[in-house]
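Student: Before I ask anything, here is the structure I am working with.
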Amino acid sequence: MTTLLHRGTERSRPVRSWLRSTPGTHIWLLIIAITSLVIQLSTQGLERFLLHRNSSNIHELTRHPVQSLFTSAFWIENPSSLLLYLVLFEVVHGTVERWLGTLRWLCTVVVGHVVATLISQEYVLWSIQNQHLPKRLAHAMSHVVDIGVSYGLAASAGILVYRLPYPWRWLYLVGVVAFFGIPLATGGTFTDLGHVTALLIGFACYPLTRGVPTRKPVAANDRAGHSG
């Protein structure tokens, strides 16, 4: 009886149910909101220091790789884009976390973020070492601001394809590949390479979707409640 009452309460409070099932998404959002406020209130010099200090560029990865990979996921360069990220987190991260559970969602995001960062920065290092960049740009690219949550979002967007039914899955797949792939194919930056890498990581995380329990529709729960 207690379980049935709990289910009924959760259905009557959809916002509460959503928050309870997506703790990782909203804790992450809260941290980004705090760091964005810090940036917004900082002087120009402090802002520049914080963004560079928490970047996962070649310079920071060489000095403290684990810390830079971790902290770079909690900052966005432009605080005015916080509202956009809020929407994207709810639609993409929230949907994936509620579907897969926090642990599997977090695994997808972390692997996507780390691998995409390392590959994109390895490309920058290769470009510098092989003199594909002018000397005046080599130092700047070693210290470039490379922060944000877009790699994790791309990884979640990738694994989300397995949540959609046919034929919408194919339409979504074409759309997401075009969205991330066209910029790279038309002369994109190291960031575009990172996005495509993270998207492919999301696709490759298909094994994490196996064995995920299917949520029962409301009607089924209602019938179960009346039968007791």
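By order in the structure tokens, chains are A, B, ...; within a chain, residues start at 1; ligands start at 1, following the order shown.
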What's the 8 Å shell around segment 27-36 of chain A, counting only C-alpha atoms, without same-chain residues fewer than 4 positions away, as a ChimeraX atom specification?
Tutor: /A:23,40,74-76,78-79,82,86,89
Student: Pull N, CA, C and O atoms from the residues just selected and write them as an mmCIF file, in the first residue's frame.
Tutor:
data_model
loop_
_atom_site.group_PDB
_atom_site.id
_atom_site.type_symbol
_atom_site.label_atom_id
_atom_site.label_comp_id
_atom_site.auth_asym_id
_atom_site.auth_seq_id
_atom_site.Cartn_x
_atom_site.Cartn_y
_atom_site.Cartn_z
ATOM 1 N N PRO A 23 19.420 13.597 -10.575
ATOM 2 C CA PRO A 23 20.221 14.392 -9.639
ATOM 3 C C PRO A 23 21.532 14.898 -10.237
ATOM 4 O O PRO A 23 21.945 16.031 -9.982
ATOM 5 N N GLN A 40 30.682 36.382 -14.046
ATOM 6 C CA GLN A 40 29.924 37.597 -14.292
ATOM 7 C C GLN A 40 30.333 38.719 -13.337
ATOM 8 O O GLN A 40 30.363 39.899 -13.725
ATOM 9 N N PHE A 74 33.045 22.395 -15.640
ATOM 10 C CA PHE A 74 32.126 23.145 -14.785
ATOM 11 C C PHE A 74 32.123 24.643 -15.065
ATOM 12 O O PHE A 74 31.614 25.424 -14.260
ATOM 13 N N TRP A 75 32.681 25.023 -16.202
ATOM 14 C CA TRP A 75 32.727 26.435 -16.557
ATOM 15 C C TRP A 75 32.220 26.633 -17.986
ATOM 16 O O TRP A 75 32.411 25.757 -18.836
ATOM 17 N N ILE A 76 31.574 27.766 -18.222
ATOM 18 C CA ILE A 76 31.252 28.178 -19.582
ATOM 19 C C ILE A 76 31.833 29.566 -19.787
ATOM 20 O O ILE A 76 31.882 30.381 -18.863
ATOM 21 N N ASN A 78 30.877 32.096 -21.656
ATOM 22 C CA ASN A 78 29.954 33.223 -21.738
ATOM 23 C C ASN A 78 28.755 32.975 -20.824
ATOM 24 O O ASN A 78 27.870 32.188 -21.153
ATOM 25 N N PRO A 79 28.699 33.640 -19.660
ATOM 26 C CA PRO A 79 27.590 33.419 -18.717
ATOM 27 C C PRO A 79 26.216 33.697 -19.315
ATOM 28 O O PRO A 79 25.216 33.144 -18.847
ATOM 29 N N LEU A 82 23.951 30.748 -20.275
ATOM 30 C CA LEU A 82 23.528 29.807 -19.232
ATOM 31 C C LEU A 82 22.115 29.293 -19.473
ATOM 32 O O LEU A 82 21.833 28.107 -19.274
ATOM 33 N N LEU A 86 20.842 25.481 -19.816
ATOM 34 C CA LEU A 86 19.808 24.941 -18.947
ATOM 35 C C LEU A 86 18.808 24.118 -19.760
ATOM 36 O O LEU A 86 18.433 23.007 -19.368
ATOM 37 N N PHE A 89 20.557 20.917 -21.083
ATOM 38 C CA PHE A 89 20.755 19.938 -20.008
ATOM 39 C C PHE A 89 19.456 19.192 -19.718
ATOM 40 O O PHE A 89 19.451 17.969 -19.547
#
Student: Can you pull out every residue within 9 Å of Ala116 of chain A, counting only C-alpha atoms, but drop anything in the same chain fewer than 3 positions away, and send it as a PyMOL selection string?
Tutor: chain A and resi 111-113+119-121+151-152+191+193-199+201
Student: Any chance you could list, as a PyMOL selection string, the residues in segment 3-192 of chain A that come up alpha helix (DSSP H) when DSSP is run on the backbone?
Tutor: chain A and resi 3-12+14-21+23-41+44-53+58-63+65-71+82-88+94-100+102-129+135-142+150-159+168-185+190-192
Student: Which residues of segment 112-166 of chain A come within 10 Å of segment 100-104 of chain A, and for each one, what is the closest pair of atoms and their distance in Å to one decimal, counting only C-alpha atoms, sorted by chain and residue number, as JSON lines?
Tutor:
{"residue": "A:Ile159", "atom": "CA", "partner": "A:Leu100", "partner_atom": "CA", "distance": 9.9}
{"residue": "A:Leu160", "atom": "CA", "partner": "A:Leu100", "partner_atom": "CA", "distance": 9.8}
{"residue": "A:Arg163", "atom": "CA", "partner": "A:Leu100", "partner_atom": "CA", "distance": 9.4}
Student: So, counting only C-alpha atoms, which residue among A:Thr71, A:Ser55, A:Ser142, A:Ser80 is closest to Gln129 of chain A?
Tutor: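 Closest to Gln129 of chain A, using only C-alpha atoms: A:Ser142.
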Student: Between atom CA of Trp168 of chain A and atom CA of Arg16 of chain A, what is the distance in Å, rounded to a tenth?
Tutor: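 Answer for the atom CA of Trp168 of chain A to atom CA of Arg16 of chain A separation: 28.6 Å.
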Student: How many Å separate atom CA of Phe180 of chain A from atom CA of Leu61 of chain A?
Tutor: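 Straight-line distance from atom CA of Phe180 of chain A to atom CA of Leu61 of chain A works out to 24.9 Å.
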Student: How far is it from atom CA of Val91 of chain A to atom CA of Gly211 of chain A, in Å with one decimal?
Tutor: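 A separation of 22.7 Å between them.
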Student: Neighbouring residues of Asp146 of chain A were defined as those with any atom within 8 Å, considering only C-alpha atoms; residues of the same chain fewer than 5 positions away were excluded. Please report them as an MDAnalysis selection string.
Tutor: chainID A and resid 52 55:57 72
Student: Please save N, CA and C atoms of the selected residues as a PDB file, in the first residue's frame.
Tutor:
ATOM      1  N   HIS A  52      41.450  30.596 -17.990  1.00  0.00           N
ATOM      2  CA  HIS A  52      42.667  29.910 -18.421  1.00  0.00           C
ATOM      3  C   HIS A  52      43.103  28.856 -17.400  1.00  0.00           C
ATOM      4  N   SER A  55      41.040  25.695 -17.815  1.00  0.00           N
ATOM      5  CA  SER A  55      40.973  25.146 -19.168  1.00  0.00           C
ATOM      6  C   SER A  55      41.717  23.821 -19.256  1.00  0.00           C
ATOM      7  N   SER A  56      41.312  23.003 -20.198  1.00  0.00           N
ATOM      8  CA  SER A  56      42.015  21.743 -20.451  1.00  0.00           C
ATOM      9  C   SER A  56      42.824  21.877 -21.735  1.00  0.00           C
ATOM     10  N   ASN A  57      43.630  22.951 -21.800  1.00  0.00           N
ATOM     11  CA  ASN A  57      44.504  23.151 -22.954  1.00  0.00           C
ATOM     12  C   ASN A  57      45.825  22.421 -22.735  1.00  0.00           C
ATOM     13  N   SER A  72      37.429  21.740 -15.998  1.00  0.00           N
ATOM     14  CA  SER A  72      37.001  22.353 -17.259  1.00  0.00           C
ATOM     15  C   SER A  72      35.547  22.036 -17.590  1.00  0.00           C
TER      16      SER A  72
END
